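my_file17.cif follows (mmCIF, C-alpha atoms):
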data_coords
loop_
_atom_site.group_PDB
_atom_site.id
_atom_site.type_symbol
_atom_site.label_atom_id
_atom_site.label_comp_id
_atom_site.auth_asym_id
_atom_site.auth_seq_id
_atom_site.Cartn_x
_atom_site.Cartn_y
_atom_site.Cartn_z
ATOM 1 C CA MET A 1 14.888 -2.825 4.320
ATOM 2 C CA PHE A 2 17.657 -0.289 3.714
ATOM 3 C CA GLU A 3 20.200 -3.108 3.318
ATOM 4 C CA LYS A 4 18.099 -4.393 0.409
ATOM 5 C CA ILE A 5 18.155 -0.928 -1.150
ATOM 6 C CA ARG A 6 21.941 -0.804 -0.690
ATOM 7 C CA GLU A 7 22.227 -4.116 -2.579
ATOM 8 C CA GLY A 8 20.311 -2.605 -5.504
ATOM 9 C CA LYS A 9 22.367 0.640 -5.484
ATOM 10 C CA PRO A 10 19.781 2.932 -7.105
ATOM 11 C CA SER A 11 21.165 6.064 -8.761
ATOM 12 C CA LYS A 12 18.502 8.217 -7.087
ATOM 13 C CA LEU A 13 16.972 7.902 -3.634
ATOM 14 C CA TYR A 14 14.276 9.929 -1.871
ATOM 15 C CA VAL A 15 14.112 9.495 1.894
ATOM 16 C CA ALA A 16 11.179 10.870 3.909
ATOM 17 C CA ALA A 17 10.571 10.599 7.649
ATOM 18 C CA ASP A 18 7.718 11.925 9.758
ATOM 19 C CA GLY A 19 8.506 13.792 12.958
ATOM 20 C CA PRO A 20 8.053 12.512 16.527
ATOM 21 C CA ARG A 21 4.654 12.553 18.245
ATOM 22 C CA ALA A 22 4.627 15.024 21.100
ATOM 23 C CA ASP A 23 2.743 12.689 23.448
ATOM 24 C CA ARG A 24 5.154 9.737 23.010
ATOM 25 C CA GLU A 25 8.000 9.602 25.484
ATOM 26 C CA ASN A 26 11.461 9.286 23.911
ATOM 27 C CA GLU A 27 10.085 9.226 20.364
ATOM 28 C CA ALA A 28 12.296 12.114 19.223
ATOM 29 C CA ALA A 29 15.355 10.017 20.115
ATOM 30 C CA LEU A 30 13.901 6.995 18.293
ATOM 31 C CA CYS A 31 13.251 9.087 15.181
ATOM 32 C CA GLU A 32 16.829 10.341 15.250
ATOM 33 C CA GLU A 33 18.153 6.805 15.719
ATOM 34 C CA THR A 34 16.092 5.594 12.769
ATOM 35 C CA ARG A 35 17.363 8.357 10.478
ATOM 36 C CA LYS A 36 20.940 7.360 11.242
ATOM 37 C CA VAL A 37 20.248 4.000 9.548
ATOM 38 C CA ILE A 38 20.288 5.795 6.190
ATOM 39 C CA GLN A 39 23.970 5.663 5.250
ATOM 40 C CA VAL A 40 24.362 5.965 1.472
ATOM 41 C CA ASP A 41 27.831 4.669 0.608
ATOM 42 C CA TRP A 42 27.483 4.298 -3.167
ATOM 43 C CA GLU A 43 27.217 6.810 -6.012
ATOM 44 C CA CYS A 44 23.693 8.108 -5.581
ATOM 45 C CA GLU A 45 21.715 11.350 -5.797
ATOM 46 C CA VAL A 46 19.926 11.523 -2.435
ATOM 47 C CA HIS A 47 17.061 13.816 -1.391
ATOM 48 C CA TYR A 48 15.732 14.110 2.155
ATOM 49 C CA LEU A 49 12.382 15.206 3.580
ATOM 50 C CA TYR A 50 12.700 15.047 7.359
ATOM 51 C CA ARG A 51 9.736 16.471 9.265
ATOM 52 C CA THR A 52 10.270 18.231 12.590
ATOM 53 C CA GLU A 53 6.629 17.705 13.623
ATOM 54 C CA ASN A 54 4.435 14.634 13.300
ATOM 55 C CA LEU A 55 1.892 14.762 10.474
ATOM 56 C CA GLY A 56 0.559 11.219 10.931
ATOM 57 C CA CYS A 57 -0.066 8.407 8.460
ATOM 58 C CA LYS A 58 -2.515 10.413 6.353
ATOM 59 C CA MET A 59 -0.650 13.637 5.603
ATOM 60 C CA GLY A 60 2.856 12.418 6.443
ATOM 61 C CA VAL A 61 2.935 9.527 3.986
ATOM 62 C CA SER A 62 0.817 11.131 1.250
ATOM 63 C CA GLY A 63 2.885 14.322 1.503
ATOM 64 C CA ALA A 64 6.094 12.325 1.100
ATOM 65 C CA ILE A 65 4.782 10.450 -1.939
ATOM 66 C CA LYS A 66 3.510 13.709 -3.447
ATOM 67 C CA TRP A 67 6.983 15.229 -2.939
ATOM 68 C CA PHE A 68 8.548 12.225 -4.672
ATOM 69 C CA PHE A 69 6.294 12.343 -7.751
ATOM 70 C CA GLU A 70 6.679 16.102 -8.048
ATOM 71 C CA ASN A 71 10.343 15.402 -8.696
ATOM 72 C CA GLU A 72 10.214 12.086 -10.581
ATOM 73 C CA PRO A 73 7.906 10.796 -13.357
ATOM 74 C CA GLU A 74 7.887 7.243 -11.969
ATOM 75 C CA GLY A 75 9.404 5.132 -9.221
ATOM 76 C CA ILE A 76 9.246 2.586 -6.435
ATOM 77 C CA VAL A 77 7.849 3.265 -2.959
ATOM 78 C CA LEU A 78 8.857 1.305 0.156
ATOM 79 C CA GLU A 79 7.826 1.947 3.746
ATOM 80 C CA ASP A 80 10.264 1.090 6.535
ATOM 81 C CA ASP A 81 8.665 -2.243 7.504
ATOM 82 C CA CYS A 82 8.312 -3.630 3.962
ATOM 83 C CA LEU A 83 11.178 -6.006 3.213
ATOM 84 C CA PRO A 84 11.689 -6.544 -0.546
ATOM 85 C CA GLY A 85 12.841 -9.814 -2.051
ATOM 86 C CA GLU A 86 15.557 -10.060 -4.688
ATOM 87 C CA SER A 87 13.030 -10.113 -7.577
ATOM 88 C CA PHE A 88 11.007 -7.083 -6.447
ATOM 89 C CA PHE A 89 13.084 -4.296 -7.998
ATOM 90 C CA ARG A 90 13.457 -6.034 -11.366
ATOM 91 C CA PHE A 91 9.722 -6.784 -11.444
ATOM 92 C CA CYS A 92 8.926 -3.095 -10.820
ATOM 93 C CA ASP A 93 11.534 -1.875 -13.340
ATOM 94 C CA VAL A 94 10.204 -4.083 -16.136
ATOM 95 C CA LEU A 95 6.562 -3.154 -15.558
ATOM 96 C CA LEU A 96 7.263 0.558 -15.057
ATOM 97 C CA GLU A 97 8.818 0.602 -18.519
ATOM 98 C CA LYS A 98 6.241 -1.658 -20.174
ATOM 99 C CA TYR A 99 3.191 0.285 -18.962
ATOM 100 C CA ARG A 100 4.763 3.768 -18.798
ATOM 101 C CA TYR A 101 2.270 5.215 -21.288
ATOM 102 C CA ASP A 102 -0.548 2.667 -20.851
ATOM 103 C CA THR A 103 -3.163 4.496 -18.795
ATOM 104 C CA ARG A 104 -5.075 1.272 -18.165
ATOM 105 C CA ILE A 105 -2.390 0.331 -15.633
ATOM 106 C CA ALA A 106 -2.079 2.552 -12.552
ATOM 107 C CA HIS A 107 -0.304 0.456 -9.940
ATOM 108 C CA ILE A 108 2.353 -2.254 -9.594
ATOM 109 C CA ALA A 109 2.124 -4.260 -6.360
ATOM 110 C CA GLY A 110 4.863 -6.264 -4.679
ATOM 111 C CA THR A 111 2.749 -8.492 -2.449
ATOM 112 C CA HIS A 112 0.888 -11.664 -3.269
ATOM 113 C CA MET A 113 -1.817 -11.746 -0.609
ATOM 114 C CA ALA A 114 -3.701 -14.785 -1.907
ATOM 115 C CA LYS A 115 -1.724 -17.268 0.220
ATOM 116 C CA GLY A 116 -0.331 -19.489 -2.525
ATOM 117 C CA LYS A 117 -3.219 -19.254 -4.989
ATOM 118 C CA LYS A 118 -2.124 -18.477 -8.547
ATOM 119 C CA TYR A 119 -4.297 -16.640 -11.049
ATOM 120 C CA GLY A 120 -3.612 -17.326 -14.720
ATOM 121 C CA ASP A 121 -0.444 -18.632 -16.367
ATOM 122 C CA ALA A 122 1.526 -15.367 -16.282
ATOM 123 C CA THR A 123 3.926 -13.921 -13.700
ATOM 124 C CA TYR A 124 1.261 -11.476 -12.563
ATOM 125 C CA TYR A 125 -2.466 -10.847 -12.869
ATOM 126 C CA PHE A 126 -4.611 -7.730 -12.941
ATOM 127 C CA SER A 127 -6.624 -6.552 -9.960
ATOM 128 C CA LYS A 128 -8.718 -3.547 -8.930
ATOM 129 C CA TYR A 129 -7.034 -3.408 -5.528
ATOM 130 C CA THR A 130 -3.934 -1.316 -4.799
ATOM 131 C CA PHE A 131 -1.762 -3.331 -2.413
ATOM 132 C CA ILE A 132 0.781 -0.890 -0.961
ATOM 133 C CA TRP A 133 3.371 -3.013 0.879
ATOM 134 C CA GLY A 134 6.078 -2.219 -1.648
ATOM 135 C CA TRP A 135 4.769 -0.788 -4.904
ATOM 136 C CA ALA A 136 5.528 1.310 -7.959
ATOM 137 C CA SER A 137 3.630 3.831 -10.049
ATOM 138 C CA TRP A 138 3.826 6.934 -12.191
ATOM 139 C CA ARG A 139 3.323 10.671 -11.760
ATOM 140 C CA ARG A 140 0.460 10.459 -14.273
ATOM 141 C CA VAL A 141 -1.455 8.413 -11.686
ATOM 142 C CA TRP A 142 -0.537 10.206 -8.480
ATOM 143 C CA GLN A 143 -1.455 13.661 -9.823
ATOM 144 C CA ASN A 144 -5.132 12.668 -9.338
ATOM 145 C CA TYR A 145 -4.678 11.731 -5.670
ATOM 146 C CA ASP A 146 -7.143 13.363 -3.258
ATOM 147 C CA GLU A 147 -6.574 12.808 0.460
ATOM 148 C CA LYS A 148 -10.006 14.319 1.250
ATOM 149 C CA LEU A 149 -11.952 11.859 -0.947
ATOM 150 C CA GLU A 150 -13.971 14.674 -2.496
ATOM 151 C CA GLN A 151 -14.877 12.522 -5.518
ATOM 152 C CA MET A 152 -16.610 10.007 -3.293
ATOM 153 C CA ASP A 153 -19.880 11.964 -2.870
ATOM 154 C CA GLY A 154 -20.830 11.748 -6.527
ATOM 155 C CA PHE A 155 -19.654 8.148 -6.685
ATOM 156 C CA LEU A 156 -22.063 7.270 -3.860
ATOM 157 C CA GLU A 157 -24.950 9.356 -5.225
ATOM 158 C CA GLN A 158 -24.809 7.541 -8.527
ATOM 159 C CA GLY A 159 -24.480 4.114 -6.894
ATOM 160 C CA LEU A 160 -21.267 3.304 -8.763
ATOM 161 C CA PHE A 161 -19.634 1.100 -6.134
ATOM 162 C CA LYS A 162 -21.766 -1.859 -7.251
ATOM 163 C CA TYR A 163 -20.024 -1.694 -10.638
ATOM 164 C CA VAL A 164 -16.585 -1.934 -9.042
ATOM 165 C CA TYR A 165 -17.344 -5.118 -7.115
ATOM 166 C CA GLY A 166 -20.577 -7.008 -7.605
ATOM 167 C CA LYS A 167 -20.774 -8.385 -4.065
ATOM 168 C CA LYS A 168 -22.729 -6.056 -1.775
ATOM 169 C CA LYS A 169 -20.913 -7.278 1.332
ATOM 170 C CA VAL A 170 -17.601 -6.218 -0.206
ATOM 171 C CA THR A 171 -18.793 -2.792 -1.330
ATOM 172 C CA ASP A 172 -20.513 -2.143 2.015
ATOM 173 C CA HIS A 173 -17.238 -2.930 3.814
ATOM 174 C CA LEU A 174 -15.259 -0.639 1.494
ATOM 175 C CA ILE A 175 -17.761 2.222 1.787
ATOM 176 C CA SER A 176 -17.760 1.912 5.571
ATOM 177 C CA THR A 177 -13.961 2.001 5.682
ATOM 178 C CA LEU A 178 -13.723 4.936 3.264
ATOM 179 C CA ASN A 179 -16.236 6.881 5.370
ATOM 180 C CA LEU A 180 -14.074 6.241 8.441
ATOM 181 C CA VAL A 181 -11.099 7.636 6.550
ATOM 182 C CA ARG A 182 -13.079 10.728 5.494
ATOM 183 C CA THR A 183 -14.116 11.440 9.078
ATOM 184 C CA ASN A 184 -10.603 10.745 10.408
ATOM 185 C CA GLY A 185 -11.770 7.607 12.204
ATOM 186 C CA ILE A 186 -8.768 5.987 10.491
ATOM 187 C CA ASN A 187 -5.655 8.087 9.989
ATOM 188 C CA THR A 188 -4.257 6.744 6.739
ATOM 189 C CA TRP A 189 -3.489 7.607 3.111
ATOM 190 C CA ASP A 190 -3.870 4.343 1.201
ATOM 191 C CA TYR A 191 -7.659 3.973 0.984
ATOM 192 C CA GLN A 192 -7.768 7.294 -0.870
ATOM 193 C CA TYR A 193 -5.316 5.808 -3.366
ATOM 194 C CA LEU A 194 -7.503 2.700 -3.645
ATOM 195 C CA PHE A 195 -10.606 4.804 -4.300
ATOM 196 C CA MET A 196 -8.743 6.754 -6.984
ATOM 197 C CA ASN A 197 -8.155 3.419 -8.715
ATOM 198 C CA PHE A 198 -11.897 2.709 -8.558
ATOM 199 C CA TRP A 199 -13.130 5.961 -10.041
ATOM 200 C CA ASN A 200 -10.500 5.861 -12.764
ATOM 201 C CA ASN A 201 -11.430 2.232 -13.539
ATOM 202 C CA SER A 202 -7.726 1.417 -13.485
ATOM 203 C CA LEU A 203 -5.877 -1.862 -13.072
ATOM 204 C CA SER A 204 -3.180 -3.005 -10.657
ATOM 205 C CA ALA A 205 -0.526 -5.519 -11.654
ATOM 206 C CA CYS A 206 -0.138 -8.066 -8.832
ATOM 207 C CA PRO A 207 2.570 -10.763 -8.794
ATOM 208 C CA ASN A 208 1.614 -14.430 -8.583
ATOM 209 C CA VAL A 209 4.390 -14.922 -6.016
ATOM 210 C CA ASN A 210 5.129 -12.817 -2.960
ATOM 211 C CA LEU A 211 7.916 -10.231 -3.376
ATOM 212 C CA ILE A 212 7.423 -8.203 -0.169
ATOM 213 C CA SER A 213 7.335 -9.297 3.468
ATOM 214 C CA ASN A 214 5.762 -6.875 5.944
ATOM 215 C CA ILE A 215 7.836 -7.311 9.113
ATOM 216 C CA GLY A 216 6.120 -4.488 11.019
ATOM 217 C CA PHE A 217 3.344 -6.424 12.764
ATOM 218 C CA ASP A 218 3.745 -5.788 16.491
ATOM 219 C CA ALA A 219 2.484 -3.664 19.377
ATOM 220 C CA ARG A 220 4.493 -0.629 18.216
ATOM 221 C CA ALA A 221 2.650 -0.407 14.883
ATOM 222 C CA THR A 222 0.013 2.205 14.110
ATOM 223 C CA HIS A 223 -2.345 -0.164 12.283
ATOM 224 C CA THR A 224 -0.744 -3.618 12.055
ATOM 225 C CA GLU A 225 -0.568 -4.460 15.755
ATOM 226 C CA ASP A 226 -1.503 -8.142 15.567
ATOM 227 C CA ALA A 227 1.671 -10.235 15.265
ATOM 228 C CA ASN A 228 -0.491 -13.307 14.542
ATOM 229 C CA ASN A 229 -2.099 -11.740 11.470
ATOM 230 C CA LYS A 230 -1.980 -14.158 8.529
ATOM 231 C CA PHE A 231 -0.361 -11.458 6.381
ATOM 232 C CA ALA A 232 2.465 -10.796 8.853
ATOM 233 C CA ALA A 233 6.033 -11.538 7.663
ATOM 234 C CA MET A 234 4.939 -13.612 4.668
ATOM 235 C CA PRO A 235 7.774 -15.654 3.080
ATOM 236 C CA LEU A 236 9.576 -14.091 0.126
ATOM 237 C CA GLU A 237 9.659 -15.785 -3.266
ATOM 238 C CA THR A 238 11.569 -15.182 -6.504
ATOM 239 C CA ILE A 239 10.749 -14.713 -10.167
ATOM 240 C CA SER A 240 13.047 -16.307 -12.733
ATOM 241 C CA GLU A 241 11.276 -15.048 -15.866
ATOM 242 C CA ILE A 242 8.595 -12.374 -16.251
ATOM 243 C CA ILE A 243 5.708 -13.593 -18.400
ATOM 244 C CA HIS A 244 3.078 -10.952 -19.157
ATOM 245 C CA PRO A 245 -0.694 -11.632 -19.183
ATOM 246 C CA ARG A 246 -2.369 -11.638 -22.588
ATOM 247 C CA TYR A 247 -5.642 -10.106 -21.427
ATOM 248 C CA PHE A 248 -6.330 -6.911 -19.499
ATOM 249 C CA VAL A 249 -9.092 -8.221 -17.257
ATOM 250 C CA PRO A 250 -9.246 -7.791 -13.457
ATOM 251 C CA ILE A 251 -9.458 -11.145 -11.670
ATOM 252 C CA LEU A 252 -12.220 -10.331 -9.197
ATOM 253 C CA ASP A 253 -12.071 -13.758 -7.552
ATOM 254 C CA ALA A 254 -8.541 -12.916 -6.407
ATOM 255 C CA ASP A 255 -9.730 -9.636 -4.874
ATOM 256 C CA TYR A 256 -12.694 -11.330 -3.186
ATOM 257 C CA TYR A 257 -10.423 -13.981 -1.707
ATOM 258 C CA VAL A 258 -7.982 -11.451 -0.265
ATOM 259 C CA LEU A 259 -10.748 -9.171 1.010
ATOM 260 C CA LYS A 260 -12.314 -12.160 2.778
ATOM 261 C CA LEU A 261 -8.983 -12.946 4.474
ATOM 262 C CA GLU A 262 -8.634 -9.289 5.495
ATOM 263 C CA GLU A 263 -12.150 -9.281 6.921
ATOM 264 C CA GLU A 264 -11.484 -12.461 8.918
ATOM 265 C CA ASP A 265 -8.335 -10.939 10.426
ATOM 266 C CA THR A 266 -10.101 -7.658 11.188
ATOM 267 C CA LEU A 267 -12.900 -9.450 13.013
ATOM 268 C CA THR A 268 -10.451 -11.605 14.983
ATOM 269 C CA TYR A 269 -8.394 -8.579 15.944
ATOM 270 C CA PHE A 270 -11.467 -6.538 16.887
ATOM 271 C CA LYS A 271 -12.795 -9.337 19.072
ATOM 272 C CA SER A 272 -9.455 -9.567 20.880
ATOM 273 C CA LYS A 273 -9.514 -5.813 21.530
ATOM 274 C CA VAL A 274 -13.055 -6.065 22.889
ATOM 275 C CA LYS A 275 -12.048 -8.908 25.222
ATOM 276 C CA ARG A 276 -9.073 -6.929 26.508
ATOM 277 C CA ALA A 277 -11.221 -3.848 26.997
ATOM 278 C CA ILE A 278 -13.857 -5.815 28.928
ATOM 279 C CA LYS A 279 -11.179 -7.230 31.208
ATOM 280 C CA LYS A 280 -9.974 -3.697 31.895
ATOM 281 C CA GLY A 281 -13.501 -2.408 32.425
ATOM 282 C CA LEU A 282 -13.333 -0.024 29.470
ATOM 283 C CA SER A 283 -16.195 1.003 27.203
ATOM 284 C CA ILE A 284 -14.373 2.898 24.427
ATOM 285 C CA PHE A 285 -13.481 1.028 21.244
ATOM 286 C CA ALA A 286 -11.579 2.098 18.146
ATOM 287 C CA PRO A 287 -12.052 0.619 14.677
ATOM 288 C CA ALA A 288 -9.429 -1.966 13.839
ATOM 289 C CA ARG A 289 -7.645 -2.101 10.518
ATOM 290 C CA ASN A 290 -5.006 -4.500 9.202
#
Could you quickly redo this structure as structure tokens?
Amino acid sequence: MFEKIREGKPSKLYVAADGPRADRENEAALCEETRKVIQVDWECEVHYLYRTENLGCKMGVSGAIKWFFENEPEGIVLEDDCLPGESFFRFCDVLLEKYRYDTRIAHIAGTHMAKGKKYGDATYYFSKYTFIWGWASWRRVWQNYDEKLEQMDGFLEQGLFKYVYGKKKVTDHLISTLNLVRTNGINTWDYQYLFMNFWNNSLSACPNVNLISNIGFDARATHTEDANNKFAAMPLETISEIIHPRYFVPILDADYYVLKLEEEDTLTYFKSKVKRAIKKGLSIFAPARN
């Protein structure tokens, strides 16, 4: 991933790294080894946020993104296992400029999760979902981020989820997942960002070709452990010309299709964990998340 950044030679770079987990043998050495990968050998203003203690996926990642947007009005965010294609940075640059002051647009995604399906005749389509494997956004959006999901109570009381997605099965799944995040059943930051998109009624710009490949699906991952997941290491594609959509309408069929694929993978992964646990004679299960 860093080699791809080196190719692009950005004039500013913010590098954040969580600290080692105390209960993981040799993790401090692995963290140090990873940080040594960052060798900036071009003209670049570099800022570092290296944690000495582990904050986890929820506070570690959200804290790093908050630090970034406190210093910059807009930018691109990449996690260590998200490999960008050659068109990704140009796609983000063009859309960051085009929608800089358009509050309808809150998020620019790099992944195309719909497995070859194309929506509309433009380079990208609009969605309600915030795909975060390589993305870009603005300070104006992130300043509303709430890792505690405090806005969710009123949203539930007024029954507003049904107006986000009309399919009850989808909203039930999202509510269940968000509740797990609120109770720390899932240690993550991105569902809070997704919910913020819902209550702001904002749009995400999603490419019709895949510009990011997540290469972090393996047993060492925190959430993406299943190397056979259909979203693992998806092929990278390129964009020759950026054609903008004429209409600002979220394509819900695209979201439903991707959410169905995610649900299928979650169920498959959960079943495999149950089988392994039964073989080991265990009776404690953790919620799975892709």
Output, as AutoDock Vina command-line options, the centre and edge lengths in Å (one decimal) of the axis-aligned box that contains all listed atoms of segment 17-31 of chain A with 5 Å of margin on each side.
--center_x 9.0 --center_y 11.0 --center_z 16.6 --size_x 22.6 --size_y 18.0 --size_z 27.8
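Shortest atom-to-atom contact with Asp18 of chain A among A:Tyr50, A:Glu43, A:Glu32, A:Arg6: A:Tyr50, counting only C-alpha atoms.
The neighbours of Glu74 of chain A here are the residues that come within 7 Å of it, using only C-alpha atoms and leaving out any residue fewer than 3 positions away in the same chain; they are A:Phe69, A:Ser137, A:Trp138, A:Arg139.
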Taken to one decimal, the atom CA of Asn208 of chain A-atom CA of Lys168 of chain A distance is 26.6 Å
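Taking atom CA of Gln39 of chain A as the reference point, atom CA of Asp93 of chain A is found at 23.6 Å.
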Identify which of the residues A:Cys206, A:Gly85, A:Asp172, A:Asp190 lies closest to Val61 of chain A, counting all atoms listed in the file when measuring atom-to-atom distances. A:Asp190
For Ile243 of chain A, find every residue with an atom within 12 Å (counting all atoms listed in the file), except residues of its own chain fewer than 5 positions away, and show them as a PDB file with C-alpha atoms, in the coordinates of the input.
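Listed below is the output, part.pdb:
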ATOM      1  CA  PHE A  91       9.722  -6.784 -11.444  1.00  0.00           C
ATOM      2  CA  VAL A  94      10.204  -4.083 -16.136  1.00  0.00           C
ATOM      3  CA  LEU A  95       6.562  -3.154 -15.558  1.00  0.00           C
ATOM      4  CA  GLY A 120      -3.612 -17.326 -14.720  1.00  0.00           C
ATOM      5  CA  ASP A 121      -0.444 -18.632 -16.367  1.00  0.00           C
ATOM      6  CA  ALA A 122       1.526 -15.367 -16.282  1.00  0.00           C
ATOM      7  CA  THR A 123       3.926 -13.921 -13.700  1.00  0.00           C
ATOM      8  CA  TYR A 124       1.261 -11.476 -12.563  1.00  0.00           C
ATOM      9  CA  TYR A 125      -2.466 -10.847 -12.869  1.00  0.00           C
ATOM     10  CA  PRO A 207       2.570 -10.763  -8.794  1.00  0.00           C
ATOM     11  CA  ASN A 208       1.614 -14.430  -8.583  1.00  0.00           C
TER      12      ASN A 208
END
